[in-house]
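The file entry34.cif contains mmCIF, C-alpha atoms:
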data_coords
#
loop_
_atom_site.label_atom_id
_atom_site.label_comp_id
_atom_site.auth_asym_id
_atom_site.auth_seq_id
_atom_site.Cartn_x
_atom_site.Cartn_y
_atom_site.Cartn_z
CA ILE A 15 -3.96 -41.54 -7.63
CA MET A 16 -2.39 -44.59 -9.16
CA SER A 17 1.28 -44.95 -9.03
CA THR A 18 2.62 -46.54 -12.11
CA PRO A 19 6.27 -45.82 -12.39
CA SER A 20 6.95 -48.98 -14.29
CA ALA A 21 4.06 -48.39 -16.59
CA LYS A 22 5.44 -45.03 -17.30
CA THR A 23 8.82 -46.21 -18.36
CA ALA A 24 7.22 -48.83 -20.55
CA SER A 25 4.92 -46.40 -22.20
CA ALA A 26 7.51 -43.86 -22.85
CA GLY A 27 6.16 -43.12 -26.23
CA SER A 28 2.45 -43.67 -25.76
CA LYS A 29 -0.08 -41.05 -25.06
CA THR A 30 -3.23 -43.09 -24.81
CA LYS A 31 -2.92 -44.30 -21.27
CA THR A 32 -2.77 -40.84 -19.91
CA SER A 33 -6.38 -40.05 -20.46
CA THR A 34 -7.68 -42.17 -17.59
CA THR A 35 -5.02 -41.45 -15.05
CA THR A 36 -4.26 -38.25 -13.30
CA THR A 37 -2.94 -35.07 -14.68
CA THR A 38 0.54 -35.76 -13.54
CA VAL A 39 1.65 -38.16 -16.22
CA VAL A 40 4.04 -36.68 -18.66
CA LYS A 41 3.25 -36.68 -22.31
CA THR A 42 6.55 -37.46 -23.87
CA THR A 43 7.15 -38.24 -27.44
CA THR A 44 10.84 -38.88 -27.21
CA THR A 45 12.79 -40.88 -24.70
CA THR A 46 12.51 -39.21 -21.39
CA THR A 47 15.48 -38.10 -19.43
CA LYS A 48 15.89 -39.33 -15.93
CA ALA A 49 15.26 -36.11 -14.15
CA PRO A 50 11.65 -35.55 -15.16
CA GLN A 51 10.85 -39.17 -14.46
CA GLN A 52 12.14 -38.81 -10.98
CA LYS A 53 10.08 -35.76 -10.50
CA LEU A 54 7.03 -37.48 -11.79
CA ALA A 55 7.50 -40.23 -9.33
CA THR A 56 7.45 -37.76 -6.52
CA THR A 57 4.38 -36.06 -7.84
CA LEU A 58 2.49 -39.28 -8.32
CA GLY A 59 2.22 -40.35 -4.77
CA ALA A 60 2.89 -43.17 -2.38
CA GLY A 61 4.43 -46.33 -3.65
CA ALA A 62 6.64 -44.66 -6.17
CA LYS A 63 10.30 -45.32 -5.73
CA VAL A 64 11.77 -42.00 -4.94
CA LYS A 65 14.83 -41.03 -3.01
CA LYS A 66 13.39 -38.15 -1.10
CA ALA A 67 9.64 -37.96 -1.10
CA LYS A 68 8.34 -35.05 0.89
CA THR A 69 4.77 -34.13 1.39
CA THR A 70 3.62 -30.63 1.90
CA PRO A 71 1.04 -30.14 4.62
CA SER A 72 -1.69 -29.91 2.02
CA GLY A 73 -0.89 -33.40 0.88
CA LYS A 74 0.79 -32.42 -2.34
CA LYS A 75 4.12 -33.87 -3.17
CA ALA A 76 6.94 -31.39 -3.22
CA ILE A 77 9.40 -31.71 -6.04
CA ASN A 78 12.72 -32.11 -4.38
CA ALA A 79 14.84 -33.59 -7.12
CA HIS A 80 16.56 -30.33 -7.89
CA SER A 81 17.06 -28.17 -4.89
CA ASN A 82 18.67 -24.84 -4.51
CA ARG A 83 20.68 -23.54 -1.66
CA GLU A 84 21.86 -20.27 -0.26
CA LEU A 85 25.47 -19.23 -0.60
CA GLY A 86 26.18 -17.97 2.88
CA SER A 87 23.33 -16.17 4.57
CA ASN A 88 23.11 -13.19 2.29
CA GLY A 89 20.19 -14.27 0.15
CA LEU A 90 22.29 -15.29 -2.88
CA MET A 91 21.28 -18.63 -4.25
CA ARG A 92 23.52 -21.20 -5.86
CA PHE A 93 21.42 -21.34 -8.98
CA SER A 94 19.65 -18.43 -10.50
CA ARG A 95 15.96 -18.39 -11.12
CA GLY A 96 16.29 -19.08 -14.82
CA ARG A 97 18.74 -21.85 -14.20
CA MET A 98 16.44 -23.48 -11.70
CA PHE A 99 13.58 -23.27 -14.12
CA ARG A 100 15.54 -25.21 -16.68
CA ARG A 101 16.83 -27.74 -14.19
CA ARG A 102 13.45 -28.48 -12.79
CA ALA A 103 11.91 -28.60 -16.26
CA LEU A 104 8.47 -27.98 -14.87
CA TYR A 105 7.34 -26.84 -18.25
CA ARG A 106 7.32 -30.49 -19.23
CA ILE A 107 4.78 -31.46 -16.65
CA ASP A 108 1.13 -31.01 -17.36
CA LYS A 109 0.34 -30.26 -13.77
CA TRP A 110 2.47 -27.17 -13.99
CA LYS A 111 0.99 -26.32 -17.30
CA GLY A 112 -2.44 -26.60 -15.80
CA ALA A 113 -1.52 -24.35 -12.91
CA GLN A 114 -0.10 -21.80 -15.29
CA ALA A 115 -3.18 -21.95 -17.41
CA LYS A 116 -5.27 -21.30 -14.35
CA LEU A 117 -3.17 -18.32 -13.45
CA GLN A 118 -3.53 -16.89 -16.88
CA GLY A 119 -7.20 -17.67 -16.91
CA ASP A 120 -7.09 -19.56 -20.16
CA LYS A 121 -9.98 -21.97 -19.96
CA THR A 122 -9.00 -23.81 -23.07
CA LYS A 123 -5.88 -25.11 -21.42
CA LYS A 124 -7.19 -28.08 -19.55
CA THR A 125 -5.78 -31.41 -18.51
CA THR A 126 -4.04 -33.95 -20.67
CA GLY A 127 -5.58 -34.82 -23.94
CA SER A 128 -6.90 -31.43 -24.82
CA ILE A 129 -5.50 -29.61 -27.76
CA GLN A 130 -4.75 -26.03 -27.13
CA LYS A 131 -7.16 -23.87 -29.02
CA LYS A 132 -5.77 -20.90 -30.73
CA LYS A 133 -7.07 -17.67 -29.39
CA GLN A 134 -9.50 -16.25 -31.78
CA ARG A 135 -8.04 -13.03 -32.93
CA ARG A 136 -10.28 -10.39 -34.23
CA SER A 137 -9.28 -9.39 -37.67
CA ALA A 138 -7.82 -5.94 -37.94
CA LEU A 139 -10.38 -4.78 -40.45
CA THR A 140 -14.10 -5.30 -40.44
CA LYS A 141 -16.62 -4.61 -43.07
CA LYS A 142 -19.17 -1.99 -42.25
CA PRO A 143 -22.17 -1.11 -44.34
CA VAL A 144 -22.17 2.33 -45.83
CA GLY A 145 -25.11 4.31 -47.06
CA GLY A 146 -25.40 6.02 -50.37
CA ASP A 147 -25.77 4.23 -53.68
CA ARG A 148 -22.44 5.21 -55.10
CA ASN A 149 -20.28 4.40 -52.11
CA GLY A 150 -19.74 0.75 -52.66
CA LYS A 151 -22.08 -0.33 -49.82
CA GLN A 152 -19.26 -1.51 -47.67
CA ARG A 153 -16.15 -0.15 -46.20
CA LEU A 154 -13.27 -1.86 -44.59
CA VAL A 155 -12.86 -0.16 -41.28
CA GLN A 156 -10.33 -0.75 -38.58
CA THR A 157 -11.80 -2.81 -35.79
CA LYS A 158 -9.73 -1.05 -33.23
CA ARG A 159 -9.45 2.59 -34.00
CA THR A 160 -6.31 4.55 -33.46
CA PRO A 161 -6.72 6.94 -30.60
CA ARG A 162 -7.73 10.49 -31.24
CA TYR A 163 -5.37 11.87 -28.71
CA TYR A 164 -1.87 11.01 -27.75
CA PRO A 165 -0.70 12.61 -24.53
CA THR A 166 2.59 14.44 -24.79
CA GLU A 167 3.70 13.41 -21.34
CA GLU A 168 3.54 10.00 -19.80
CA ARG A 169 0.43 9.55 -17.77
CA GLN A 170 1.01 9.76 -14.05
CA LYS A 171 1.23 6.26 -12.71
CA LYS A 172 -1.51 5.52 -10.30
CA PHE A 173 -0.99 4.02 -6.91
CA SER A 174 0.22 0.53 -7.43
CA VAL A 175 -2.14 -2.13 -6.15
CA LYS A 176 0.67 -3.81 -4.28
CA ARG A 177 1.49 -0.78 -2.21
CA LYS A 178 -0.72 -0.71 0.80
CA ARG A 179 -2.25 2.38 2.19
CA PHE A 180 -1.44 3.16 5.78
CA GLY A 181 -4.90 2.06 6.82
CA ASP A 182 -4.23 -1.38 5.38
CA HIS A 183 -0.87 -1.82 7.02
CA PRO A 184 -0.78 -4.66 9.52
CA ARG A 185 -0.83 -3.50 13.10
CA ARG A 186 1.48 -5.34 15.41
CA PHE A 187 1.17 -5.60 19.14
CA ARG A 188 3.88 -6.29 21.63
CA SER A 189 3.77 -9.77 23.06
CA THR A 190 3.61 -8.36 26.59
CA LEU A 191 0.43 -6.43 25.84
CA THR A 192 -2.05 -9.26 25.40
CA PRO A 193 -5.68 -8.65 26.38
CA GLY A 194 -5.90 -9.19 30.10
CA SER A 195 -2.41 -8.04 30.96
CA VAL A 196 -1.87 -5.39 33.55
CA VAL A 197 0.07 -2.47 32.18
CA ILE A 198 1.68 0.60 33.64
CA LEU A 199 0.68 3.87 32.02
CA VAL A 200 3.76 5.93 31.60
CA ALA A 201 2.45 9.13 30.07
CA GLY A 202 -0.66 11.19 29.91
CA LYS A 203 -3.20 12.12 32.50
CA HIS A 204 -3.11 8.74 34.18
CA ALA A 205 0.63 8.32 34.16
CA GLY A 206 1.85 6.00 36.87
CA LYS A 207 -1.43 4.16 37.18
CA ARG A 208 -1.86 0.53 36.42
CA ALA A 209 -4.60 -0.60 34.07
CA VAL A 210 -5.85 -3.69 32.32
CA VAL A 211 -5.65 -4.19 28.58
CA VAL A 212 -9.09 -5.09 27.31
CA LYS A 213 -8.62 -5.36 23.59
CA HIS A 214 -6.36 -4.76 20.64
CA LEU A 215 -8.00 -2.30 18.28
CA SER A 216 -7.63 -2.44 14.54
CA SER A 217 -5.95 0.96 14.46
CA GLY A 218 -3.05 -0.36 16.50
CA LEU A 219 -4.18 1.20 19.74
CA LEU A 220 -4.87 -0.62 22.95
CA LEU A 221 -8.15 -0.44 24.76
CA ILE A 222 -7.59 -0.22 28.49
CA THR A 223 -9.63 0.19 31.61
CA GLY A 224 -8.68 0.76 35.28
CA PRO A 225 -11.23 -0.57 36.09
CA HIS A 226 -12.59 2.89 36.71
CA LYS A 227 -13.83 2.10 40.19
CA VAL A 228 -10.45 0.89 41.23
CA ASN A 229 -8.15 3.62 40.04
CA GLY A 230 -10.08 6.10 37.95
CA VAL A 231 -8.77 5.02 34.61
CA PRO A 232 -11.70 4.93 32.20
CA LEU A 233 -12.30 2.68 29.24
CA ARG A 234 -10.05 4.42 26.79
CA ARG A 235 -7.67 3.96 23.95
CA ILE A 236 -3.98 4.39 24.36
CA ASN A 237 -0.96 3.95 22.19
CA GLN A 238 1.32 1.04 22.95
CA ILE A 239 4.35 3.25 23.29
CA TYR A 240 2.94 4.93 26.39
CA VAL A 241 2.50 1.68 28.18
CA ILE A 242 4.81 -0.76 29.95
CA GLY A 243 3.56 -4.33 29.93
CA THR A 244 3.87 -6.31 33.12
CA SER A 245 3.85 -10.01 33.60
CA THR A 246 0.58 -9.94 35.53
CA LYS A 247 -2.19 -11.37 33.42
CA LEU A 248 -5.93 -11.66 33.87
CA ASP A 249 -8.22 -14.03 32.13
CA LEU A 250 -10.61 -11.84 30.15
CA SER A 251 -11.99 -14.53 27.89
CA SER A 252 -15.50 -14.03 29.22
CA VAL A 253 -15.59 -10.31 28.56
CA LYS A 254 -17.76 -9.31 25.62
CA ILE A 255 -15.72 -6.93 23.57
CA ASP A 256 -17.26 -7.22 20.13
CA LYS A 257 -18.92 -3.84 20.17
CA LEU A 258 -15.74 -2.04 21.06
CA ASP A 259 -13.79 -0.71 18.14
CA ASP A 260 -12.19 2.52 17.05
CA LYS A 261 -15.43 3.94 15.77
CA PHE A 262 -17.00 3.57 19.18
CA PHE A 263 -14.31 5.69 20.77
CA LYS A 264 -13.83 8.19 18.04
CA ARG A 265 -14.25 11.75 19.11
CA VAL A 266 -17.49 13.25 17.90
CA ARG A 267 -16.87 16.71 16.58
CA SER A 268 -19.77 19.07 16.13
CA ALA A 269 -20.01 20.41 12.62
CA LYS A 270 -18.95 24.04 12.68
CA LYS A 271 -20.31 25.13 9.39
CA ASN A 272 -21.31 28.62 10.25
CA ALA A 273 -18.42 31.01 10.66
CA GLU A 274 -20.02 32.71 13.62
CA LYS A 275 -17.17 31.68 15.79
CA ASP A 276 -16.37 34.53 18.07
CA ILE A 277 -12.70 35.39 18.14
CA PHE A 278 -12.94 35.96 21.84
CA ASP A 279 -14.76 32.74 22.40
CA SER A 280 -11.81 30.62 23.50
CA LYS A 281 -13.95 28.03 25.21
CA LYS A 282 -13.37 24.60 23.88
CA GLU A 283 -16.40 22.43 23.57
CA LYS A 284 -16.26 19.83 26.26
CA THR A 285 -16.93 16.37 24.97
CA GLN A 286 -20.00 15.01 26.63
CA LEU A 287 -19.70 11.40 27.58
CA SER A 288 -22.64 9.56 26.11
CA ASP A 289 -24.78 7.26 28.14
CA GLU A 290 -23.78 4.43 25.88
CA ARG A 291 -20.16 4.99 26.81
CA ARG A 292 -20.97 5.07 30.49
CA GLN A 293 -22.97 1.89 30.26
CA THR A 294 -20.25 0.15 28.32
CA GLN A 295 -17.74 1.27 30.94
CA ARG A 296 -19.88 -0.28 33.66
CA ASP A 297 -20.37 -3.48 31.72
CA ILE A 298 -16.73 -3.98 30.91
CA ASP A 299 -15.65 -3.06 34.41
CA THR A 300 -17.96 -5.57 36.08
CA ALA A 301 -16.57 -8.25 33.80
CA VAL A 302 -12.98 -7.21 34.51
CA LEU A 303 -13.63 -7.03 38.25
CA ALA A 304 -15.09 -10.51 38.07
CA ALA A 305 -11.93 -11.66 36.34
CA ILE A 306 -9.86 -10.03 39.08
CA LYS A 307 -11.91 -11.80 41.72
CA ALA A 308 -11.44 -15.08 39.94
CA HIS A 309 -7.70 -14.58 39.98
CA SER A 310 -5.76 -16.41 42.64
CA ASP A 311 -4.28 -13.20 44.05
CA SER A 312 -7.45 -11.18 43.77
CA ARG A 313 -7.00 -9.09 46.92
CA LEU A 314 -3.45 -8.30 46.08
CA LEU A 315 -4.38 -7.59 42.51
CA ARG A 316 -6.98 -5.05 43.49
CA ARG A 317 -4.50 -3.19 45.62
CA TYR A 318 -1.92 -3.54 42.93
CA LEU A 319 -4.22 -1.86 40.45
CA LYS A 320 -4.91 0.91 42.91
CA SER A 321 -1.27 1.60 43.51
CA ARG A 322 0.87 3.84 41.44
CA PHE A 323 4.12 3.10 39.77
CA GLN A 324 7.01 5.36 40.52
CA LEU A 325 10.74 5.45 40.47
CA TRP A 326 12.73 6.31 43.51
CA ASN A 327 16.36 6.35 44.52
CA GLY A 328 18.12 3.24 43.49
CA VAL A 329 15.32 2.00 41.25
CA LEU A 330 16.65 1.72 37.73
CA PRO A 331 14.10 0.83 35.04
CA HIS A 332 16.63 -0.93 32.89
CA LYS A 333 17.23 -3.34 35.74
CA LEU A 334 13.58 -3.78 36.69
CA LYS A 335 11.74 -6.88 35.70
CA PHE A 336 8.23 -5.77 34.87
CA MET B 3 2.86 -4.04 56.32
CA THR B 4 2.39 -1.19 53.94
CA SER B 5 0.68 -3.47 51.48
CA SER B 6 -2.16 -4.14 53.88
CA LYS B 7 -2.92 -0.48 54.26
CA LYS B 8 -5.84 0.50 52.10
CA VAL B 9 -5.34 3.67 50.22
CA GLU B 10 -8.17 6.08 50.83
CA LYS B 11 -9.04 8.05 47.77
CA PRO B 12 -11.45 10.93 48.24
CA GLN B 13 -12.94 12.93 45.44
CA GLY B 14 -10.13 14.21 43.31
CA SER B 15 -7.46 11.91 44.62
CA TYR B 16 -4.39 13.57 45.88
CA ILE B 17 -2.07 10.62 45.61
CA LYS B 18 1.03 12.42 44.59
CA LYS B 19 2.44 11.44 41.28
CA GLY B 20 5.79 9.84 41.74
CA ARG B 21 8.79 10.26 39.54
CA LEU B 22 8.23 8.72 36.14
CA TYR B 23 11.47 9.70 34.59
CA VAL B 24 15.07 8.73 34.97
CA LYS B 25 17.43 11.36 36.24
CA ALA B 26 20.23 12.37 33.96
CA VAL B 27 22.80 15.07 33.81
CA PHE B 28 23.80 17.08 30.80
CA THR B 29 27.55 16.68 30.79
CA GLY B 30 28.45 18.45 27.59
CA PHE B 31 28.14 18.60 23.89
CA ARG B 32 29.55 16.04 21.54
CA ARG B 33 33.06 17.13 20.85
CA GLY B 34 36.57 16.33 19.94
CA LYS B 35 39.33 17.99 21.86
CA ARG B 36 39.07 21.29 20.08
CA ASN B 37 35.75 21.29 18.32
CA GLN B 38 32.32 20.81 19.76
CA HIS B 39 29.05 20.06 18.03
CA GLU B 40 26.19 21.57 19.90
CA ASN B 41 23.48 19.71 18.05
CA THR B 42 24.21 16.56 20.05
CA ALA B 43 24.18 16.55 23.83
CA LEU B 44 25.85 14.00 26.06
CA LEU B 45 23.88 12.76 29.01
CA LYS B 46 24.98 10.76 32.01
CA LEU B 47 22.08 8.67 33.20
CA ASP B 48 21.71 7.90 36.86
CA GLY B 49 22.71 4.31 37.62
CA VAL B 50 23.64 3.42 34.08
CA ASN B 51 27.29 2.51 34.01
CA ALA B 52 27.81 0.22 31.07
CA ARG B 53 27.07 0.48 27.39
CA ARG B 54 24.85 -2.58 27.35
CA GLU B 55 22.64 -1.05 30.02
CA THR B 56 21.84 1.90 27.78
CA ASN B 57 19.77 -0.22 25.42
CA PHE B 58 16.63 0.38 27.45
CA TYR B 59 16.93 4.14 27.12
CA LEU B 60 17.46 4.38 23.39
CA GLY B 61 14.70 6.35 21.79
CA LYS B 62 13.31 7.60 25.05
CA ARG B 63 12.16 11.18 25.20
CA CYS B 64 14.14 13.55 27.31
CA ALA B 65 13.29 16.94 28.67
CA TYR B 66 15.32 19.84 29.87
CA VAL B 67 13.09 21.61 32.34
CA TYR B 68 13.88 25.13 33.33
CA LYS B 69 12.29 28.27 34.62
CA ALA B 70 12.16 31.66 33.01
CA LYS B 71 11.17 35.07 34.18
CA ASN B 72 8.07 35.50 32.04
CA LYS B 73 5.09 33.30 32.45
CA THR B 74 3.82 31.39 29.48
CA LEU B 75 1.06 28.96 28.73
CA VAL B 76 1.98 25.35 29.19
CA PRO B 77 0.00 22.71 27.31
CA GLY B 78 -2.23 20.86 29.69
CA GLN B 79 -2.18 23.62 32.27
CA LYS B 80 -4.70 26.38 32.55
CA ARG B 81 -2.60 28.83 34.44
CA LEU B 82 0.42 30.55 33.04
CA ASN B 83 3.59 28.99 34.17
CA ARG B 84 7.21 29.89 34.50
CA VAL B 85 8.28 26.36 33.68
CA ARG B 86 9.56 25.68 30.22
CA ILE B 87 10.74 22.55 28.55
CA LEU B 88 13.11 21.68 25.76
CA TRP B 89 12.26 18.28 24.38
CA GLY B 90 14.63 15.80 22.82
CA LYS B 91 15.33 12.12 22.57
CA VAL B 92 18.08 9.71 23.38
CA THR B 93 19.66 8.70 20.13
CA ARG B 94 22.51 6.32 20.91
CA ALA B 95 25.05 5.24 23.43
CA HIS B 96 28.19 7.22 23.90
CA GLY B 97 31.31 5.40 24.94
CA LYS B 98 31.56 2.36 27.13
CA SER B 99 30.47 3.66 30.48
CA GLY B 100 26.79 4.20 30.03
CA ALA B 101 26.74 7.73 28.71
CA VAL B 102 24.25 8.49 26.06
CA ARG B 103 23.80 10.92 23.21
CA ALA B 104 20.67 12.95 22.84
CA LYS B 105 19.34 15.33 20.28
CA PHE B 106 17.02 18.10 21.25
CA ARG B 107 14.65 20.00 19.05
CA ARG B 108 16.67 23.05 19.73
CA ASN B 109 20.19 22.81 20.96
CA LEU B 110 20.57 22.86 24.68
CA PRO B 111 21.77 26.14 26.10
CA PRO B 112 25.23 25.91 27.64
CA LYS B 113 23.90 27.06 30.98
CA ALA B 114 22.23 23.65 31.14
CA LEU B 115 25.66 22.07 31.58
CA GLY B 116 25.66 20.01 34.74
CA ARG B 117 21.92 20.45 35.13
CA ARG B 118 19.23 17.89 35.43
CA ILE B 119 17.67 16.31 32.33
CA ARG B 120 14.66 14.07 32.63
CA VAL B 121 14.66 10.92 30.56
CA MET B 122 11.08 9.73 30.33
CA LEU B 123 9.96 6.15 30.16
CA TYR B 124 8.20 6.56 26.84
CA PRO B 125 8.22 5.59 23.93
CA SER B 126 8.20 2.29 25.70
CA ARG B 127 9.40 -0.85 24.02
CA ILE B 128 8.78 -3.39 26.77
#
Would you kindly transcribe this structure into C-alpha cells?
Amino acid sequence: IMSTPSAKTASAGSKTKTSTTTTTVVKTTTTTTKAPQQKLATTLGAGAKVKKAKTTPSGKKAINAHSNRELGSNGLMRFSRGRMFRRRALYRIDKWKGAQAKLQGDKTKKTTGSIQKKKQRRSALTKKPVGGDRNGKQRLVQTKRTPRYYPTEERQKKFSVKRKRFGDHPRRFRSTLTPGSVVILVAGKHAGKRAVVVKHLSSGLLLITGPHKVNGVPLRRINQIYVIGTSTKLDLSSVKIDKLDDKFFKRVRSAKKNAEKDIFDSKKEKTQLSDERRQTQRDIDTAVLAAIKAHSDSRLLRRYLKSRFQLWNGVLPHKLKF
Amino acid sequence: MTSSKKVEKPQGSYIKKGRLYVKAVFTGFRRGKRNQHENTALLKLDGVNARRETNFYLGKRCAYVYKAKNKTLVPGQKRLNRVRILWGKVTRAHGKSGAVRAKFRRNLPPKALGRRIRVMLYPSRI
C-alpha cells in the first residue's frame, strides 16, 4: 500500500491516479473537506501523517478521527447512530462502498473505476405467443402474475433465524469444574463422594468418574448444579475422551410398540450395562488412576477420593474453602 | 493419624452417609406485626449470623422432613415409608442477622414452627 497523502491533496480533482493504487483513495470531484482526508490517511497505512493511527489486530487501520463516547455507564452514546454515520462520512470512501457491496452481494459494485451497472429490471409485461389465427398471435402478459389467493390473516411468522433453539444455546461451565478437577457430589446416589471430572459434554453436563475402583462412582454424567468443585486438580491431558459424548451415555429405551403391557406388571426394565460401557469405564479409569499416581500427592489423593464429604457440628459450608 | 487408616470397603459399602445439608430452623412466617403471609417461611440457618453470609445459601433447596401415620411410597425407596418431605427453596435473605426467606411448594404447616428444616447443598454454584 503506497502512502501518498501529499499526492492526494494535489490531485484533489483527478480521478486517473486512483486506478493503480489501492481501493482506499477517495474519488472526489470537489474540494475535499479535512475530515475525510484525515480518515484516508489513517486507512492508507504507515507513513501517513495522522494524529492517532491505530491498527486493529488484523492489520487494518481503524478510523479514529470521529469517536463516540458513552454518557455515563448506561449505554447512551454521545452521538446517535445516524449522527455518527454523517460525521464519519464513510459513504464517501470506496473501501466502505466495497464492503457494503459485498454485503449486499452486488457483484457489479467493484473497486474504483468501475461504473455501477444498473440492475436489469424485467419489464412488467412480456409478449407471449398465442394460438389461433384470429387472436393476434401475441399477447402482452404480466411477467409476474398477481397471486391467486390472498390470505385473510397475516401468515404466522416462522421462527426467526436469529433466535436459537435450546439445543444451540451455548453451554457454560463453571471455572472450578475443569476436566481433571476433583469434585464433591452433593446429591444423588453417590452424594458425599468425591469424583474426578473427565469431560465437559456438549449438553452442558459433566462426565465424571470415581474412579470406580476407588469409590464406586462409575463413568457417568451429572449436572453441574449437583457438584461442588474443589481446588484439587489432576492432569488428564493424556486421557482419550473423544469417543465420549452424550450419545454414548444416552439411555437406550426398548421400543414398546405392542400394547401388551400388563397392568400388573410393575417391573421396570433394568438397563443392562453394555460391554462397551464397561470397557470404556476400565479404559478411562486406568488413565485417571495413572494421572493420580503421577500427581505429587498420589497416596493422599487416593485416600481423598475414597473418603466422603460430610458436614458436622461447627462446619459451615459458607465458610469452607473448597 | 486417622488419615493413615485405610478404609475397608466390603461388598455393598456401609460407610454411613454423613450430613449433606445445613441445619435450619423454621422460625415463622413472613409477617408484619398483625398480618402474616404463610406463603413465605423464615428460616434461621445454623451458624449464619450476618446477611453477607447468606449469599451461599440463596437458591438452595430446603426440605421439611416429617413423619406421618400412614406409610407411603418414597421415590428412590422400595419400601413404604412414614417419612414425608415438603420441598422448597431459599429465596432471599431476611434482615441483617443471617435469617433467610424460603418458599415451599406448599406452605409449611404451623406445627413445623421451631422444627428442623434441612437446607441442602444443591443447586451448587461453587
Counting all atoms listed in the file, the residue of B:Phe28, B:Lys62, B:Glu55, B:Leu47 that sits nearest chain A: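 Smallest separation from chain A among the options: B:Glu55.
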Residues picked by the PyMOL selection byres ((chain B) within 6 of (chain A)) here, as a ChimeraX atom specification? /B:20-22,58,124-126,128
Applied to this file, what does the PyMOL selection byres ((chain B and resi 42) around 6) return in terms of residues, put as a list in words?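 Written out, the selection comes to Phe31, Arg32, Glu40, Asn41, Ala43, Ala104 and Lys105 of chain B.
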Can you list, as a PyMOL selection string, every protein, DNA or RNA residue that comes within 9 Å of Val231 of chain A when you count all atoms listed in the file, leaving out same-chain residues fewer than 4 positions away? chain A and resi 204+207-209+222-227
List the residues matched by the PyMOL selection byres ((chain B and resi 52) around 9) in the displayed structure as number ranges by chain, ordered by chain and then by residue number. B: 50-51, 53-56, 97-101
Name the closest residue to Phe99 of chain A among the candidates A:Arg291, A:His80, A:Arg169, A:Arg267; distances are taken between atoms, counting only C-alpha atoms. A:His80
Pairwise distance for atom CA of Phe180 of chain A and atom CA of Phe262 of chain A, rounded to one decimal in Å: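 Here the two named atoms are 20.5 Å from each other.
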Please provide as JSON, numbers by chain all residues within 12 Å of Gln286 of chain A, with the sequence filter that same-chain residues fewer than 6 positions apart are discarded (counting all atoms listed in the file). {"A": [265, 266, 267, 268, 292]}
